[in-house]
Amino acid sequence: MTDLVDIHSPDAAGSVAAVDASCHSDKAAVREAAKAAGSGETLERYARDYPVGPHDQPQSMCPAFGALRVGLRMRRTASVLCGSACCVYGLTFTSHFYGAKRTVGYVPFNSETLVTGKLFEDIREAVFSLADPDRYDAVVVINLCVPTASGVPLRLLPKEIDGVRIIGIDVPGFGVPTHAEAKDVLAGAMLNFARREAEQGAVQAPRAPRSEKPSVTLLGEMFPADPVQIGGMLDLIGLAAGPVVPTREWRELYGALDCAAVAAIHPFYAASVREFELAGRPVVGSAPVGVDGTAAWLEAIGAACGVGAGLIDAAKAKLLPAIKGALAATPISGRITLSGYEGSELIVARLMVESGADVRYVGTACPKTRFSADDRDWLEARGVEVKFRASLEDDCAALAEYKPDLAIGTTPVVQKAKERAIPALYFTNLISARPLMGVAGASSLAKVVNAAMASKGRFDAMRDFFEGVGVGPAAGVWETIPRDRPEYKARRRAKAAKPPAEEMGAC
Ligand code: SF4
């Protein structure tokens, strides 16, 4: 029998009753309620790690999806959500849409269990029932918006049950701006746990035998061929590619920490970087993309790992002509705007510019960090407008201003582009799911990008065919086309403009 922790507090109960903690709520009010309920420290840390502004939350999916996805991709890891049923439904649906093929645990609640503290007891019970060391290395519990706003204290869960680690994290939409950064919330929490374990003594060895060479840990999810490409480049300078974080298994975390340096291929992993730096590992930004990017990255990695200039020069002499040749053999011609929320937008743009594309705008939902500074400088020096924490409005404004031959972006951007008969590609599904690094990356984008731009004629034909159908007052599905009533709109506008007293008098 386990001890029960009484978390009932009038503050928590008051917070829940007083605010609507959903995606559409007043975020400032929810944050205040969450602080009153005991989540203040976590929210302050998130505010430091994931700075907002000029836009406070880019329009993307529920942030918790990032953390859930990281947990679901790990072997021997159970993932449990605690939040409103509608949120859990959406997150579970999206997980399976992306091929999770794993069970998502759910601890439901109602007003009573939330405000009396019974919900915490339910979570605790669920964790104890799941913590089977034969099946799991870790159980991850993710508090969504309502439990976070109510201060459901996952920090009070036991850290370990029968050798199974228990990782409780808050991932509220009002504290974590994007699903990309939510990946870091979980990856950082796991690295923190693993670092403390490693500090205490021997830890489990990795499944695959490790290279004798010093390794470079790769931070950020990549196309599976990219770590292999990077490994080939590192081999030339006497290093090896280490694990990719977020890892696919708990024991890889120790290997990730035991590295010579970390390559922050994606620049937004603030909590993970903190753990690596606490472990004394230097962190290098950008990535080996294109000629300039590969040269600069090899130099930076070499400097971080103490590799001599001779080896770096020899590696550059071998790699750069091959990359240059691949870029020249598969050129991209046309004007492009690009936006996304994966964190790889700037390195993709660099590759496109080196392929010959006229890239005018790069928008990323991620914040500006020290690890994206070099990529931003490189792009801006070539006349590319770079926008961090870009909103949908920013991306659509770029579309209108630059009138590209191809728009690469999120679903609503692609939809807007297609309405204008501009060929468009989804960043997440069609661009970021391709190799980008080294020689393989140099030739991988041109085919899909050029094919999309070549389809302009089809878009023009479709626009001409559908022109005027289902727009303005006729938008939607109708049996007969609705008649526009401008006089109704004018009357309503006039009524809305009248002062309330006058309006009441008129009645
Ligand atoms: S958990 Fe996600 S879907 Fe639910 S209210 Fe929060 S941000 Fe919205």
# chains A, B, ... in the order shown; residues from 1 in each chain; ligands from 1
$ select_by_dssp --residues "region 40-150 of chain A" --states "strand (DSSP E or B)" --output "list in words"
Thr77, Ala78, Ser79, Val80, Leu81, Cys82, Val104, Gly105, Tyr106, Ala138, Val139, Val140, Val141, Ile142 and Asn143 of chain A
$ residues_near_ligand --ligand "ligand 1" --cutoff "8 Å" --atoms "only C-alpha atoms and all ligand atoms" --output "list of chain:residue names"
A:Ala21, A:Ser22, A:Cys23, A:His24, A:Met61, A:Cys62, A:Pro63, A:Ala64, A:Phe65, A:Gly83, A:Ser84, A:Cys86, A:Cys87, A:Val88, A:Gly90, A:Leu91, A:Leu144, A:Cys145, A:Val146, A:Val171, A:Pro172, A:Gly173, A:Phe174
$ write_last_selection --atoms "N, CA and C atoms" --output "CSV table (one decimal), in the first residue's frame"
chain,number,residue,atom,x,y,z
A,21,ALA,N,-9.3,27.0,-18.6
A,21,ALA,CA,-7.9,26.7,-19.0
A,21,ALA,C,-7.9,26.0,-20.3
A,22,SER,N,-8.4,26.5,-21.4
A,22,SER,CA,-8.4,25.9,-22.7
A,22,SER,C,-7.6,26.7,-23.6
A,23,CYS,N,-7.4,26.2,-24.9
A,23,CYS,CA,-6.7,26.8,-25.9
A,23,CYS,C,-7.1,28.2,-26.1
A,24,HIS,N,-8.4,28.5,-25.9
A,24,HIS,CA,-9.0,29.8,-26.3
A,24,HIS,C,-9.2,30.7,-25.1
A,61,MET,N,-0.3,23.0,-33.7
A,61,MET,CA,-1.1,22.0,-32.9
A,61,MET,C,-0.8,22.1,-31.4
A,62,CYS,N,-1.6,21.4,-30.6
A,62,CYS,CA,-1.4,21.4,-29.2
A,62,CYS,C,0.0,21.1,-28.9
A,63,PRO,N,0.7,21.9,-28.1
A,63,PRO,CA,2.1,21.7,-27.8
A,63,PRO,C,2.4,20.3,-27.2
A,64,ALA,N,1.5,19.8,-26.4
A,64,ALA,CA,1.8,18.6,-25.7
A,64,ALA,C,2.1,17.4,-26.7
A,65,PHE,N,1.6,17.6,-27.9
A,65,PHE,CA,1.9,16.5,-28.9
A,65,PHE,C,3.4,16.2,-29.0
A,83,GLY,N,-5.5,15.2,-18.6
A,83,GLY,CA,-6.1,16.5,-19.1
A,83,GLY,C,-7.5,16.2,-19.5
A,84,SER,N,-8.1,17.3,-20.1
A,84,SER,CA,-9.5,17.2,-20.6
A,84,SER,C,-9.7,16.1,-21.6
A,86,CYS,N,-11.4,16.0,-24.3
A,86,CYS,CA,-11.3,16.4,-25.7
A,86,CYS,C,-9.8,16.6,-26.1
A,87,CYS,N,-9.0,17.1,-25.2
A,87,CYS,CA,-7.6,17.3,-25.5
A,87,CYS,C,-6.9,15.9,-25.8
A,88,VAL,N,-7.3,15.0,-24.9
A,88,VAL,CA,-6.6,13.7,-24.9
A,88,VAL,C,-7.1,12.9,-26.2
A,90,GLY,N,-7.9,14.4,-29.1
A,90,GLY,CA,-7.1,15.0,-30.2
A,90,GLY,C,-5.7,14.5,-30.2
A,91,LEU,N,-5.1,14.5,-29.1
A,91,LEU,CA,-3.7,14.1,-29.0
A,91,LEU,C,-3.5,12.6,-29.4
A,144,LEU,N,-1.7,18.1,-18.9
A,144,LEU,CA,-2.1,19.1,-20.0
A,144,LEU,C,-2.6,20.4,-19.3
A,145,CYS,N,-3.3,21.2,-20.0
A,145,CYS,CA,-3.6,22.6,-19.5
A,145,CYS,C,-4.3,22.6,-18.1
A,146,VAL,N,-5.5,21.9,-18.0
A,146,VAL,CA,-6.3,22.0,-16.8
A,146,VAL,C,-5.5,21.5,-15.6
A,171,VAL,N,2.9,20.2,-19.5
A,171,VAL,CA,3.1,20.8,-20.8
A,171,VAL,C,1.8,21.5,-21.2
A,172,PRO,N,1.6,22.7,-20.6
A,172,PRO,CA,0.4,23.4,-20.9
A,172,PRO,C,0.6,24.3,-22.1
A,173,GLY,N,-0.5,24.5,-22.8
A,173,GLY,CA,-0.5,25.4,-24.0
A,173,GLY,C,-0.2,26.9,-23.6
A,174,PHE,N,-0.4,27.2,-22.3
A,174,PHE,CA,-0.2,28.6,-21.9
A,174,PHE,C,1.2,28.8,-21.3
$ residues_around --residues "Met233 (chain A)" --least-positions-apart "3" --cutoff "12 Å" --atoms "only C-alpha atoms" --output "compact mmCIF listing (two decimals) with N, CA and C atoms, in the first residue's frame"
# COMPACT_ATOMS: atom_id res chain seq x y z
N VAL A 216 30.00 12.75 -31.10
CA VAL A 216 29.26 14.01 -31.12
C VAL A 216 27.77 13.65 -31.05
N ASP A 226 20.34 11.10 -42.21
CA ASP A 226 21.20 12.23 -41.85
C ASP A 226 22.27 11.89 -40.80
N PRO A 227 21.92 11.18 -39.73
CA PRO A 227 22.98 10.81 -38.78
C PRO A 227 24.07 9.96 -39.44
N VAL A 228 23.68 9.15 -40.44
CA VAL A 228 24.67 8.32 -41.14
C VAL A 228 25.61 9.23 -41.94
N GLN A 229 25.02 10.20 -42.64
CA GLN A 229 25.84 11.18 -43.39
C GLN A 229 26.78 11.93 -42.46
N ILE A 230 26.23 12.38 -41.34
CA ILE A 230 27.04 13.14 -40.39
C ILE A 230 28.16 12.25 -39.83
N LEU A 236 35.95 11.43 -40.81
CA LEU A 236 37.11 12.02 -41.48
C LEU A 236 37.94 12.88 -40.53
N ILE A 237 37.32 13.35 -39.44
CA ILE A 237 38.09 14.18 -38.50
C ILE A 237 38.30 13.46 -37.16
N GLY A 238 38.22 12.15 -37.21
CA GLY A 238 38.56 11.35 -36.03
C GLY A 238 37.48 11.31 -34.96
N LEU A 239 36.24 11.59 -35.35
CA LEU A 239 35.13 11.56 -34.38
C LEU A 239 34.06 10.59 -34.87
N ALA A 240 33.05 10.35 -34.04
CA ALA A 240 31.95 9.46 -34.42
C ALA A 240 30.63 10.15 -34.08
N ALA A 241 29.57 9.77 -34.82
CA ALA A 241 28.24 10.30 -34.49
C ALA A 241 27.70 9.55 -33.28
N ALA A 287 24.32 23.25 -38.87
CA ALA A 287 24.38 21.86 -39.34
C ALA A 287 25.21 21.79 -40.61
N PRO A 288 25.70 20.60 -40.95
CA PRO A 288 26.50 20.46 -42.18
C PRO A 288 25.62 20.41 -43.43
N VAL A 289 25.06 21.55 -43.79
CA VAL A 289 24.21 21.62 -44.99
C VAL A 289 24.88 22.51 -46.03
N THR A 294 28.53 23.22 -44.33
CA THR A 294 29.36 22.07 -43.96
C THR A 294 30.75 22.54 -43.52
N ALA A 295 31.31 23.51 -44.27
CA ALA A 295 32.65 24.00 -43.92
C ALA A 295 32.64 24.63 -42.52
N TRP A 297 30.50 24.21 -40.09
CA TRP A 297 30.13 23.24 -39.05
C TRP A 297 31.34 22.37 -38.69
N LEU A 298 32.09 21.91 -39.72
CA LEU A 298 33.28 21.09 -39.44
C LEU A 298 34.29 21.87 -38.62
N GLU A 299 34.44 23.15 -38.95
CA GLU A 299 35.38 23.99 -38.18
C GLU A 299 34.92 24.14 -36.73
N ILE A 301 32.83 22.19 -34.98
CA ILE A 301 32.91 20.91 -34.26
C ILE A 301 34.37 20.60 -33.94
N GLY A 302 35.24 20.85 -34.92
CA GLY A 302 36.66 20.60 -34.71
C GLY A 302 37.20 21.42 -33.55
N LEU A 311 43.44 18.13 -40.10
CA LEU A 311 42.38 17.14 -40.33
C LEU A 311 41.12 17.81 -40.87
N ILE A 312 40.80 18.97 -40.32
CA ILE A 312 39.59 19.69 -40.77
C ILE A 312 39.76 20.08 -42.24
N ALA A 314 41.61 18.71 -44.48
CA ALA A 314 41.57 17.52 -45.33
C ALA A 314 40.13 17.05 -45.54
N ALA A 315 39.33 17.11 -44.47
CA ALA A 315 37.93 16.70 -44.59
C ALA A 315 37.18 17.65 -45.52
N LYS A 316 37.45 18.93 -45.39
CA LYS A 316 36.78 19.91 -46.26
C LYS A 316 37.18 19.67 -47.72
N ALA A 317 38.46 19.40 -47.91
CA ALA A 317 38.93 19.18 -49.29
C ALA A 317 38.25 17.97 -49.92
N LYS A 318 37.89 17.00 -49.09
CA LYS A 318 37.24 15.80 -49.64
C LYS A 318 35.73 16.02 -49.82
N LEU A 319 35.10 16.69 -48.83
CA LEU A 319 33.63 16.77 -48.83
C LEU A 319 33.07 17.91 -49.69
N LEU A 320 33.71 19.06 -49.60
CA LEU A 320 33.07 20.25 -50.20
C LEU A 320 32.93 20.17 -51.73
N ILE A 323 29.89 18.05 -52.47
CA ILE A 323 28.63 18.74 -52.18
C ILE A 323 28.35 19.79 -53.26
N MET A 437 21.67 16.68 -44.91
CA MET A 437 23.09 16.85 -44.58
C MET A 437 24.01 16.31 -45.68
N GLY A 438 25.14 16.97 -45.79
CA GLY A 438 26.22 16.48 -46.64
C GLY A 438 25.82 16.32 -48.10
N VAL A 439 26.45 15.35 -48.76
CA VAL A 439 26.23 15.15 -50.20
C VAL A 439 24.79 14.69 -50.46
N ALA A 440 24.27 13.80 -49.62
CA ALA A 440 22.90 13.28 -49.84
C ALA A 440 21.89 14.42 -49.76
$ residues_around --residues "region 334-339 of chain A" --least-positions-apart "2" --cutoff "6 Å" --atoms "only C-alpha atoms" --output "count of residues only"
14
$ residues_around --residues "Asn429 (chain A)" --least-positions-apart "3" --cutoff "12 Å" --atoms "only C-alpha atoms" --output "list in words"
Tyr98, Phe223, Gly340, Tyr341, Glu342, Ile408, Gly409, Thr410, Thr411, Leu425, Tyr426, Ser432, Ala433, Arg434 and Val448 of chain A
$ atom_distance --atom1 "CA of Tyr136 (chain A)" --atom2 "CA of Glu252 (chain A)"
14.7 Å
